[in-house]
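What follows is the content of target06.txt (compact mmCIF, C-alpha atoms).
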# COMPACT_ATOMS: atom_id res chain seq x y z
CA MET B 293 6.84 10.41 11.12
CA SER B 294 10.62 10.19 10.67
CA ASP B 295 10.67 6.82 12.49
CA VAL B 296 8.25 5.38 9.94
CA MET B 297 10.49 6.65 7.12
CA SER B 298 13.51 5.04 8.76
CA TYR B 299 11.70 1.70 9.03
CA LEU B 300 10.72 1.90 5.34
CA PHE B 301 14.42 2.25 4.49
CA GLU B 302 15.59 -0.33 7.04
CA THR B 303 13.24 -3.09 5.80
CA ASN B 304 13.77 -2.24 2.11
CA ALA B 305 10.07 -1.41 1.88
CA ILE B 306 11.23 1.48 -0.30
CA ARG B 307 13.93 0.51 -2.78
CA PHE B 308 15.66 3.00 -5.03
CA CYS B 309 17.07 1.89 -8.37
CA GLU B 310 20.76 1.91 -9.14
CA GLU B 311 21.95 4.84 -11.21
CA ASN B 312 20.57 4.63 -14.79
CA LYS B 313 18.79 1.34 -14.01
CA PRO B 314 15.12 2.15 -13.32
CA PHE B 315 12.74 -0.57 -12.23
CA TRP B 316 10.21 -2.15 -14.56
CA TYR B 317 6.62 -1.86 -13.30
CA THR B 318 3.87 -4.36 -14.16
CA SER B 319 2.18 -1.78 -16.40
CA GLY B 320 5.16 -1.67 -18.77
CA LYS B 321 6.27 1.70 -17.44
CA ILE B 322 9.52 2.33 -15.61
CA GLY B 323 10.46 4.28 -12.51
CA PRO B 324 13.25 4.99 -10.03
CA TYR B 325 11.73 3.45 -6.90
CA PHE B 326 9.65 0.50 -5.76
CA ILE B 327 7.46 0.26 -2.66
CA ASN B 328 6.53 -2.88 -0.73
CA THR B 329 4.95 -1.28 2.34
CA HIS B 330 4.07 -4.66 3.87
CA PHE B 331 7.80 -5.30 4.46
CA VAL B 332 7.46 -3.15 7.64
CA TYR B 333 5.78 -6.26 9.06
CA GLY B 334 9.40 -6.87 10.09
CA SER B 335 11.27 -7.95 6.96
CA GLU B 336 10.72 -9.07 3.38
CA LYS B 337 10.95 -12.72 4.47
CA GLU B 338 8.34 -12.40 7.22
CA ALA B 339 6.02 -10.36 4.98
CA THR B 340 6.27 -12.92 2.18
CA GLU B 341 5.53 -15.72 4.63
CA LEU B 342 2.39 -13.93 5.86
CA LEU B 343 1.19 -13.41 2.28
CA SER B 344 1.63 -17.13 1.59
CA PHE B 345 -0.23 -17.92 4.81
CA ILE B 346 -3.10 -15.64 3.74
CA ASP B 347 -3.24 -17.37 0.35
CA ASP B 348 -3.57 -20.73 2.11
CA CYS B 349 -6.46 -19.37 4.22
CA LEU B 350 -8.49 -17.76 1.41
CA SER B 351 -10.55 -20.87 0.71
CA ASP B 352 -12.52 -20.38 3.95
CA LYS B 353 -13.62 -16.76 4.33
CA LEU B 354 -15.17 -17.24 7.77
CA THR B 355 -12.06 -18.66 9.44
CA LEU B 356 -9.53 -16.45 7.62
CA PRO B 357 -9.89 -13.24 9.71
CA LYS B 358 -9.04 -14.90 13.03
CA LYS B 359 -6.17 -16.91 11.53
CA VAL B 360 -4.61 -13.76 10.05
CA PHE B 361 -5.30 -11.72 13.19
CA ASP B 362 -3.63 -14.34 15.42
CA LYS B 363 -0.51 -14.24 13.22
CA THR B 364 -0.31 -10.45 13.19
CA LEU B 365 -0.93 -10.23 16.95
CA ILE B 366 2.02 -12.56 17.62
CA GLN B 367 4.16 -10.43 15.32
CA TYR B 368 2.94 -7.22 17.00
CA ASN B 369 3.98 -8.58 20.39
CA ASN B 370 7.38 -9.78 19.18
CA ASN B 371 8.64 -7.49 16.41
CA GLU B 372 9.75 -3.98 17.37
CA ILE B 373 9.49 -2.47 13.88
CA TYR B 374 5.97 -3.76 13.25
CA LYS B 375 4.80 -2.80 16.75
CA ASN B 376 6.13 0.74 16.36
CA ILE B 377 4.49 1.16 12.95
CA ILE B 378 1.13 -0.06 14.29
CA ASP B 379 1.38 2.07 17.46
CA THR B 380 2.28 5.13 15.37
CA MET B 381 -0.73 4.52 13.12
CA LYS B 382 -3.05 4.09 16.11
CA SER B 383 -1.79 7.34 17.69
CA PHE B 384 -2.13 9.13 14.33
CA ILE B 385 -5.75 7.96 13.99
CA ASN B 386 -6.53 9.08 17.54
CA GLU B 387 -5.05 12.51 16.82
CA ASN B 388 -6.78 13.06 13.46
CA ILE B 389 -10.15 11.28 13.68
CA ASN B 390 -12.84 11.29 16.36
CA VAL B 391 -12.59 7.58 17.16
CA ASP B 392 -16.04 7.63 18.81
CA GLU B 393 -17.51 8.27 15.34
CA ILE B 394 -15.90 5.12 13.85
CA ASP B 395 -18.32 2.17 13.83
CA TYR B 396 -16.12 -0.31 11.91
CA VAL B 397 -12.58 -0.67 10.57
CA SER B 398 -12.22 -2.30 7.14
CA GLY B 399 -9.31 -3.80 5.20
CA GLY B 400 -9.10 -5.25 1.69
CA GLU B 401 -7.51 -8.41 0.32
CA ARG B 402 -4.58 -8.94 0.99
CA ARG B 403 -1.96 -6.46 2.10
CA ASP B 404 -4.40 -4.20 3.97
CA TRP B 405 -4.84 -7.06 6.45
CA PHE B 406 -1.24 -6.61 7.65
CA PHE B 407 -2.53 -3.42 9.31
CA SER B 408 -6.34 -3.22 9.44
CA ASN B 409 -7.15 -6.08 11.79
CA ILE B 410 -4.60 -5.10 14.46
CA ILE B 411 -5.77 -1.47 14.28
CA ALA B 412 -9.41 -2.61 14.66
CA HIS B 413 -8.41 -4.66 17.71
CA LEU B 414 -6.45 -1.82 19.33
CA LEU B 415 -9.26 0.67 18.69
CA GLY B 416 -11.84 -1.80 20.04
CA LYS B 417 -13.83 -1.72 16.79
CA PRO B 418 -15.31 -4.60 14.78
CA HIS B 419 -13.52 -5.38 11.51
CA ILE B 420 -14.92 -5.77 8.00
CA THR B 421 -12.78 -8.08 5.86
CA ILE B 422 -13.26 -7.22 2.17
CA PHE B 423 -12.35 -9.75 -0.51
CA LYS B 424 -11.43 -9.00 -4.11
CA ASP B 425 -14.79 -10.36 -5.28
CA LEU B 426 -16.42 -7.62 -3.11
CA SER B 427 -17.80 -10.12 -0.59
CA THR B 428 -17.40 -9.21 3.08
CA VAL B 429 -17.33 -10.82 6.51
CA VAL B 430 -17.50 -9.04 9.86
CA SER B 431 -15.52 -9.92 13.00
CA ASP B 432 -15.68 -8.55 16.54
CA SER B 433 -12.63 -6.60 17.74
CA ASN B 434 -11.04 -9.74 19.23
CA PHE B 435 -11.81 -11.81 16.11
CA GLU B 436 -13.56 -14.45 18.22
CA ASN B 437 -16.71 -14.38 16.09
CA THR B 438 -16.89 -13.83 12.33
CA GLU B 439 -20.07 -13.83 10.28
CA ILE B 440 -21.47 -12.89 6.91
CA ILE B 441 -23.54 -9.71 7.18
CA THR B 442 -25.38 -8.27 4.20
CA SER B 443 -26.47 -4.99 5.79
CA LEU B 444 -24.79 -2.50 8.11
CA ALA B 445 -27.09 0.42 7.39
CA GLY B 446 -25.77 3.89 8.15
CA LYS B 447 -22.48 2.79 9.72
CA LYS B 448 -19.30 4.87 9.39
CA VAL B 449 -16.15 2.98 8.38
CA LEU B 450 -12.42 3.67 8.63
CA HIS B 451 -10.50 1.83 5.89
CA VAL B 452 -6.91 0.95 6.83
CA ALA B 453 -4.44 0.02 4.09
CA ASP B 454 -0.76 -0.37 3.35
CA LEU B 455 -0.55 2.00 0.40
CA ILE B 456 -2.47 4.36 -1.85
CA THR B 457 -1.32 5.08 -5.41
CA VAL B 458 -4.06 6.00 -7.90
CA ALA B 459 -6.76 4.48 -5.64
CA SER B 460 -7.91 1.90 -8.20
CA SER B 461 -8.64 -0.71 -5.47
CA TYR B 462 -10.71 1.84 -3.53
CA ILE B 463 -12.77 2.85 -6.57
CA ARG B 464 -13.15 -0.67 -7.99
CA ALA B 465 -13.66 -2.68 -4.80
CA TRP B 466 -13.38 -1.26 -1.29
CA ILE B 467 -15.80 1.69 -1.56
CA PRO B 468 -18.46 -0.27 -3.55
CA ALA B 469 -18.23 -3.24 -1.15
CA ILE B 470 -18.92 -1.03 1.87
CA ASN B 471 -21.62 0.93 0.01
CA ALA B 472 -23.33 -2.40 -0.78
CA LEU B 473 -23.72 -2.95 2.98
CA GLY B 474 -25.50 0.40 3.31
CA SER B 475 -22.44 1.84 5.08
CA LYS B 476 -19.87 4.42 4.04
CA ILE B 477 -16.09 4.65 4.17
CA CYS B 478 -15.68 8.05 5.81
CA TRP B 479 -11.93 7.87 6.42
CA SER B 480 -8.89 6.13 4.96
CA CYS B 481 -5.56 5.76 6.74
CA VAL B 482 -2.54 4.26 4.96
CA VAL B 483 1.11 3.82 5.83
CA VAL B 484 2.33 5.30 2.51
CA ASP B 485 0.76 7.70 0.01
CA ARG B 486 2.64 7.54 -3.30
CA MET B 487 1.22 10.98 -4.15
CA GLN B 488 -0.09 9.84 -7.52
CA GLY B 489 -3.58 11.29 -7.24
CA GLY B 490 -5.23 8.59 -5.12
CA LYS B 491 -5.96 10.97 -2.23
CA ASP B 492 -7.85 13.37 -4.52
CA LYS B 493 -9.82 10.52 -6.10
CA ILE B 494 -11.12 9.09 -2.84
CA GLU B 495 -11.75 12.53 -1.33
CA ALA B 496 -13.95 13.21 -4.38
CA GLU B 497 -15.91 10.13 -3.19
CA GLY B 498 -16.34 11.71 0.25
CA VAL B 499 -13.52 9.79 1.97
CA LYS B 500 -11.13 11.81 4.15
CA SER B 501 -7.61 10.55 3.33
CA PHE B 502 -4.72 10.26 5.81
CA SER B 503 -1.21 8.81 5.46
CA LEU B 504 1.79 8.41 7.76
CA VAL B 505 4.35 9.00 5.00
CA GLN B 506 4.18 10.72 1.61
CA VAL B 507 6.54 9.76 -1.20
CA ASP B 508 7.77 13.19 -2.21
CA THR B 509 10.90 15.31 -2.47
CA ALA B 510 11.24 15.48 1.34
CA LEU B 511 11.53 11.67 1.51
CA PHE B 512 14.11 11.67 -1.30
CA LYS B 513 16.12 14.38 0.49
CA LYS B 514 16.17 12.25 3.64
CA ALA B 515 17.47 9.30 1.59
CA LEU B 516 20.15 11.58 0.07
CA ASN B 517 21.19 12.88 3.51
CA LEU B 518 21.41 9.31 4.82
CA LYS B 519 23.61 8.47 1.78
CA ILE B 520 21.10 5.81 0.68
CA ILE B 521 21.11 7.50 -2.75
CA ASN B 522 23.51 9.85 -4.54
CA LYS B 523 22.85 13.23 -6.19
CA SER B 524 22.25 11.72 -9.63
CA GLN B 525 19.66 9.30 -8.23
CA PHE B 526 18.05 12.15 -6.28
CA ASP B 527 17.74 14.25 -9.45
CA MET B 528 15.97 11.39 -11.25
CA LEU B 529 13.64 10.84 -8.29
CA LYS B 530 12.82 14.54 -8.07
CA GLY B 531 12.14 14.71 -11.81
CA PHE B 532 10.00 11.58 -11.61
CA PHE B 533 7.94 13.05 -8.76
CA GLU B 534 7.34 16.28 -10.68
CA ASN B 535 6.67 14.70 -14.11
CA PRO B 536 7.04 10.90 -14.21
CA ASP B 537 6.29 10.27 -17.87
CA GLU B 538 8.48 13.03 -19.26
CA THR B 539 11.39 12.16 -16.93
CA MET B 540 11.32 8.50 -17.99
CA ARG B 541 10.82 9.46 -21.66
CA GLN B 542 13.98 11.58 -21.57
CA PHE B 543 15.85 8.77 -19.83
CA LEU B 544 14.89 6.31 -22.59
CA ILE B 545 15.94 8.78 -25.30
CA GLU B 546 19.31 9.37 -23.60
CA HIS B 547 19.85 5.66 -22.82
CA PRO B 548 18.56 3.63 -25.81
CA GLU B 549 20.63 0.66 -24.63
CA PHE B 550 18.36 0.30 -21.56
CA LEU B 551 15.37 -0.77 -23.66
CA GLU B 552 17.52 -2.88 -25.97
CA ASN B 553 19.08 -4.75 -23.03
CA SER B 554 15.65 -5.25 -21.44
CA LEU B 555 14.32 -6.88 -24.61
CA ASN B 556 17.21 -9.36 -24.36
CA SER B 557 16.77 -9.98 -20.62
CA ASP B 558 14.72 -12.50 -18.62
CA GLU B 559 11.16 -13.34 -19.66
CA LYS B 560 9.42 -11.02 -17.18
CA THR B 561 11.55 -8.00 -18.10
CA LYS B 562 11.22 -8.75 -21.83
CA LYS B 563 7.42 -8.91 -21.49
CA ARG B 564 7.26 -5.54 -19.72
CA ALA B 565 9.60 -3.92 -22.26
CA GLN B 566 7.37 -5.20 -25.05
CA LEU B 567 4.35 -3.69 -23.29
CA LEU B 568 6.12 -0.33 -23.29
CA ILE B 569 6.86 -0.58 -27.03
CA ASP B 570 3.48 -1.99 -28.10
CA GLY B 571 1.56 0.61 -26.11
CA ASN B 572 3.97 3.43 -27.09
CA LEU B 573 3.75 4.36 -23.41
CA TYR B 574 6.33 7.14 -23.65
CA ASN B 575 5.50 8.43 -27.12
CA LEU B 576 8.88 7.35 -28.51
CA ASN B 577 7.66 6.55 -32.04

Target encoding structure tokens, full file:
Amino acid sequence: MSDVMSYLFETNAIRFCEENKPFWYTSGKIGPYFINTHFVYGSEKEATELLSFIDDCLSDKLTLPKKVFDKTLIQYNNNEIYKNIIDTMKSFINENINVDEIDYVSGGERRDWFFSNIIAHLLGKPHITIFKDLSTVVSDSNFENTEIITSLAGKKVLHVADLITVASSYIRAWIPAINALGSKICWSCVVVDRMQGGKDKIEAEGVKSFSLVQVDTALFKKALNLKIINKSQFDMLKGFFENPDETMRQFLIEHPEFLENSLNSDEKTKKRAQLLIDGNLYNLN
């Protein structure tokens, strides 16, 4: 999957922080890398435009799947990076899952739809579009017909997504939504597994988990060899992978100015820094 890794770097889907300048995450924690898997749609600009387009379509759940599919199909036929990612995922699914056993492909609001509907089309399977409110609509593999279906008893589903971290979306929304139809997600295939326990969580729910790329030391070594990062950045990434909280705790102890500067930064950064302090997220008190 080295091509997929290269595309993640090329599109800035994986960004590594500058030395001694970790990223702020929404949770109030910090870390040395950031992942926007949907950038492999071609570029950050094109991915952002598709997200905006999806937002504009959300008001009509029955017309949304075809509108999004049509956009992604045009991109698939015209963008080499996106086409190669999708083709790699399709081949990977064919090699690892008995496709004859798959009744439906599903994808959840919103970033899963960058990948799930095209994969459903290429596999010749109908697609279940899952919304954040757990409602669902079902489209044929060409997205010509979309309808609300309340029961798909006994059907086996492959869920296709951009990313898995701690699997909160799976546990909160995607698995319950499919269960409510009387079906079961039997397999999950994602572009990137952040290796933060999500795979174990969904496998405990009976879902077989697959990913094209794992964020681990091997990926960091590739970035080091390509001179995308230096040795100091690599050491922080390796430490973060092995023990994220302790690595970031030590960083904050050794660089007290980082937190101080963040509290005097822009509103978003200040808010996240305050979350870290108020929640004592790294046991610094």

Gap from CA of Gln488 in chain B to CA of Ile346 in chain B - Å, one decimal: 28.0 Å

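With CA of Val499 in chain B on one side and CA of Met297 in chain B on the other, the separation reads 24.8 Å.
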
Spatial neighbours of Met528 in chain B, max dist 8 Å, all atoms listed in the file, sep filter under 3 positions, as a PyMOL selection string: chain B and resi 324+524-525+531-532+539

For range 301-314 of chain B, find every residue with an atom within 9 Å (counting all atoms listed in the file), except residues of its own chain fewer than 2 positions away, and show them as a compact mmCIF listing (two decimals) with C-alpha atoms, in the frame of the given file.
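The resulting file, selection.txt, is reproduced below:
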# COMPACT_ATOMS: atom_id res chain seq x y z
CA VAL B 296 8.25 5.38 9.94
CA MET B 297 10.49 6.65 7.12
CA SER B 298 13.51 5.04 8.76
CA TYR B 299 11.70 1.70 9.03
CA TRP B 316 10.21 -2.15 -14.56
CA ILE B 322 9.52 2.33 -15.61
CA GLY B 323 10.46 4.28 -12.51
CA PRO B 324 13.25 4.99 -10.03
CA TYR B 325 11.73 3.45 -6.90
CA PHE B 326 9.65 0.50 -5.76
CA ILE B 327 7.46 0.26 -2.66
CA ASN B 328 6.53 -2.88 -0.73
CA THR B 329 4.95 -1.28 2.34
CA HIS B 330 4.07 -4.66 3.87
CA PHE B 331 7.80 -5.30 4.46
CA VAL B 332 7.46 -3.15 7.64
CA TYR B 333 5.78 -6.26 9.06
CA GLY B 334 9.40 -6.87 10.09
CA SER B 335 11.27 -7.95 6.96
CA GLU B 336 10.72 -9.07 3.38
CA ILE B 373 9.49 -2.47 13.88
CA ALA B 515 17.47 9.30 1.59
CA ILE B 520 21.10 5.81 0.68
CA ILE B 521 21.11 7.50 -2.75
CA ASN B 522 23.51 9.85 -4.54
CA SER B 524 22.25 11.72 -9.63
CA GLN B 525 19.66 9.30 -8.23
CA MET B 528 15.97 11.39 -11.25
CA LEU B 529 13.64 10.84 -8.29
CA MET B 540 11.32 8.50 -17.99
CA PHE B 543 15.85 8.77 -19.83
CA HIS B 547 19.85 5.66 -22.82
CA PHE B 550 18.36 0.30 -21.56

Atom-to-atom span, CA of Glu372 in chain B and CA of Arg403 in chain B, Å: 19.4 Å

7 Å contact set for range 469-486 of chain B, all atoms listed in the file, chain neighbours under 2 positions out, as a PyMOL selection string: chain B and resi 426-427+442-457+465-467+488+498-507

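The list of residues with at least one atom within 8 Å of Ile378 in chain B, based on only C-alpha atoms and without residues fewer than 6 positions apart in the same chain, reads Tyr368, Phe407, Ile410 and Ile411 of chain B.
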
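When only C-alpha atoms are used to compute distances to Lys563 in chain B, the closest of the residues B:Val391, B:Pro357, B:Asn577, B:Ser319 turns out to be B:Ser319.
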
Top pick for closest residue to Ile422 in chain B, considering B:Ala510, B:Leu544, B:Ile440, B:Ile394 and counting only C-alpha atoms: B:Ile440

Within 10 Å of (-13.2, -10.3, 21.5) (file coordinates; only C-alpha atoms), which protein or nucleic acid residues are there? I'd like them as an mmCIF file with C-alpha atoms, in the coordinates of the input.
data_model
loop_
_atom_site.group_PDB
_atom_site.id
_atom_site.type_symbol
_atom_site.label_atom_id
_atom_site.label_comp_id
_atom_site.auth_asym_id
_atom_site.auth_seq_id
_atom_site.Cartn_x
_atom_site.Cartn_y
_atom_site.Cartn_z
ATOM 1 C CA HIS B 413 -8.410 -4.660 17.710
ATOM 2 C CA GLY B 416 -11.840 -1.800 20.040
ATOM 3 C CA LYS B 417 -13.830 -1.720 16.790
ATOM 4 C CA PRO B 418 -15.310 -4.600 14.780
ATOM 5 C CA SER B 431 -15.520 -9.920 13.000
ATOM 6 C CA ASP B 432 -15.680 -8.550 16.540
ATOM 7 C CA SER B 433 -12.630 -6.600 17.740
ATOM 8 C CA ASN B 434 -11.040 -9.740 19.230
ATOM 9 C CA PHE B 435 -11.810 -11.810 16.110
ATOM 10 C CA GLU B 436 -13.560 -14.450 18.220
ATOM 11 C CA ASN B 437 -16.710 -14.380 16.090
#

Nearest residue to Ile377 in chain B from the set B:Phe406, B:Asp492, B:Thr421, B:Pro536 (distances using all atoms listed in the file): B:Phe406

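Checking B:Thr318, B:Thr355, B:Ser344, B:Asn376 one by one against Asp295 in chain B, counting only C-alpha atoms, you find the shortest gap at B:Asn376.
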
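With only C-alpha atoms as the atoms that count, the residue of B:Leu415, B:Met381, B:Val430, B:Val360 with the shortest distance to Arg402 in chain B is B:Val360.
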
Top pick for closest residue to Asp352 in chain B, considering B:Ile385, B:Leu511, B:Val429, B:Ile420 and counting all atoms listed in the file: B:Val429

Fix up range 314-331 of chain B with N, CA and C atoms, then write it as a PDB file, in the frame of the given file.
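Resulting contents of result-v5.pdb:
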ATOM      1  N   PRO B 314      16.454   2.099 -13.929  1.00  0.00           N
ATOM      2  CA  PRO B 314      15.120   2.150 -13.320  1.00  0.00           C
ATOM      3  C   PRO B 314      14.456   0.785 -13.273  1.00  0.00           C
ATOM      4  N   PHE B 315      13.492   0.671 -12.367  1.00  0.00           N
ATOM      5  CA  PHE B 315      12.740  -0.570 -12.230  1.00  0.00           C
ATOM      6  C   PHE B 315      11.659  -0.666 -13.309  1.00  0.00           C
ATOM      7  N   TRP B 316      11.356  -1.898 -13.699  1.00  0.00           N
ATOM      8  CA  TRP B 316      10.210  -2.150 -14.560  1.00  0.00           C
ATOM      9  C   TRP B 316       8.987  -2.355 -13.687  1.00  0.00           C
ATOM     10  N   TYR B 317       7.885  -1.655 -13.991  1.00  0.00           N
ATOM     11  CA  TYR B 317       6.620  -1.860 -13.300  1.00  0.00           C
ATOM     12  C   TYR B 317       5.735  -2.790 -14.135  1.00  0.00           C
ATOM     13  N   THR B 318       4.759  -3.396 -13.484  1.00  0.00           N
ATOM     14  CA  THR B 318       3.870  -4.360 -14.160  1.00  0.00           C
ATOM     15  C   THR B 318       3.198  -3.762 -15.381  1.00  0.00           C
ATOM     16  N   SER B 319       2.910  -2.463 -15.323  1.00  0.00           N
ATOM     17  CA  SER B 319       2.180  -1.780 -16.400  1.00  0.00           C
ATOM     18  C   SER B 319       2.978  -1.666 -17.689  1.00  0.00           C
ATOM     19  N   GLY B 320       4.308  -1.895 -17.610  1.00  0.00           N
ATOM     20  CA  GLY B 320       5.160  -1.670 -18.770  1.00  0.00           C
ATOM     21  C   GLY B 320       5.864  -0.327 -18.696  1.00  0.00           C
ATOM     22  N   LYS B 321       5.546   0.439 -17.662  1.00  0.00           N
ATOM     23  CA  LYS B 321       6.270   1.700 -17.440  1.00  0.00           C
ATOM     24  C   LYS B 321       7.475   1.444 -16.546  1.00  0.00           C
ATOM     25  N   ILE B 322       8.320   2.457 -16.433  1.00  0.00           N
ATOM     26  CA  ILE B 322       9.520   2.330 -15.610  1.00  0.00           C
ATOM     27  C   ILE B 322       9.566   3.467 -14.592  1.00  0.00           C
ATOM     28  N   GLY B 323      10.352   3.256 -13.543  1.00  0.00           N
ATOM     29  CA  GLY B 323      10.460   4.280 -12.510  1.00  0.00           C
ATOM     30  C   GLY B 323      11.637   4.035 -11.595  1.00  0.00           C
ATOM     31  N   PRO B 324      12.026   5.071 -10.830  1.00  0.00           N
ATOM     32  CA  PRO B 324      13.250   4.990 -10.030  1.00  0.00           C
ATOM     33  C   PRO B 324      13.089   4.419  -8.622  1.00  0.00           C
ATOM     34  N   TYR B 325      11.874   4.047  -8.233  1.00  0.00           N
ATOM     35  CA  TYR B 325      11.730   3.450  -6.900  1.00  0.00           C
ATOM     36  C   TYR B 325      10.604   2.423  -6.912  1.00  0.00           C
ATOM     37  N   PHE B 326      10.626   1.575  -5.894  1.00  0.00           N
ATOM     38  CA  PHE B 326       9.650   0.500  -5.760  1.00  0.00           C
ATOM     39  C   PHE B 326       9.220   0.478  -4.294  1.00  0.00           C
ATOM     40  N   ILE B 327       7.944   0.273  -4.048  1.00  0.00           N
ATOM     41  CA  ILE B 327       7.460   0.260  -2.660  1.00  0.00           C
ATOM     42  C   ILE B 327       6.747  -1.048  -2.340  1.00  0.00           C
ATOM     43  N   ASN B 328       7.198  -1.709  -1.287  1.00  0.00           N
ATOM     44  CA  ASN B 328       6.530  -2.880  -0.730  1.00  0.00           C
ATOM     45  C   ASN B 328       6.249  -2.573   0.744  1.00  0.00           C
ATOM     46  N   THR B 329       5.214  -1.782   0.984  1.00  0.00           N
ATOM     47  CA  THR B 329       4.950  -1.280   2.340  1.00  0.00           C
ATOM     48  C   THR B 329       4.831  -2.409   3.356  1.00  0.00           C
ATOM     49  N   HIS B 330       4.305  -3.558   2.921  1.00  0.00           N
ATOM     50  CA  HIS B 330       4.070  -4.660   3.870  1.00  0.00           C
ATOM     51  C   HIS B 330       5.363  -5.220   4.446  1.00  0.00           C
ATOM     52  N   PHE B 331       6.524  -4.839   3.895  1.00  0.00           N
ATOM     53  CA  PHE B 331       7.800  -5.300   4.460  1.00  0.00           C
ATOM     54  C   PHE B 331       8.009  -4.770   5.887  1.00  0.00           C
TER      55      PHE B 331
END
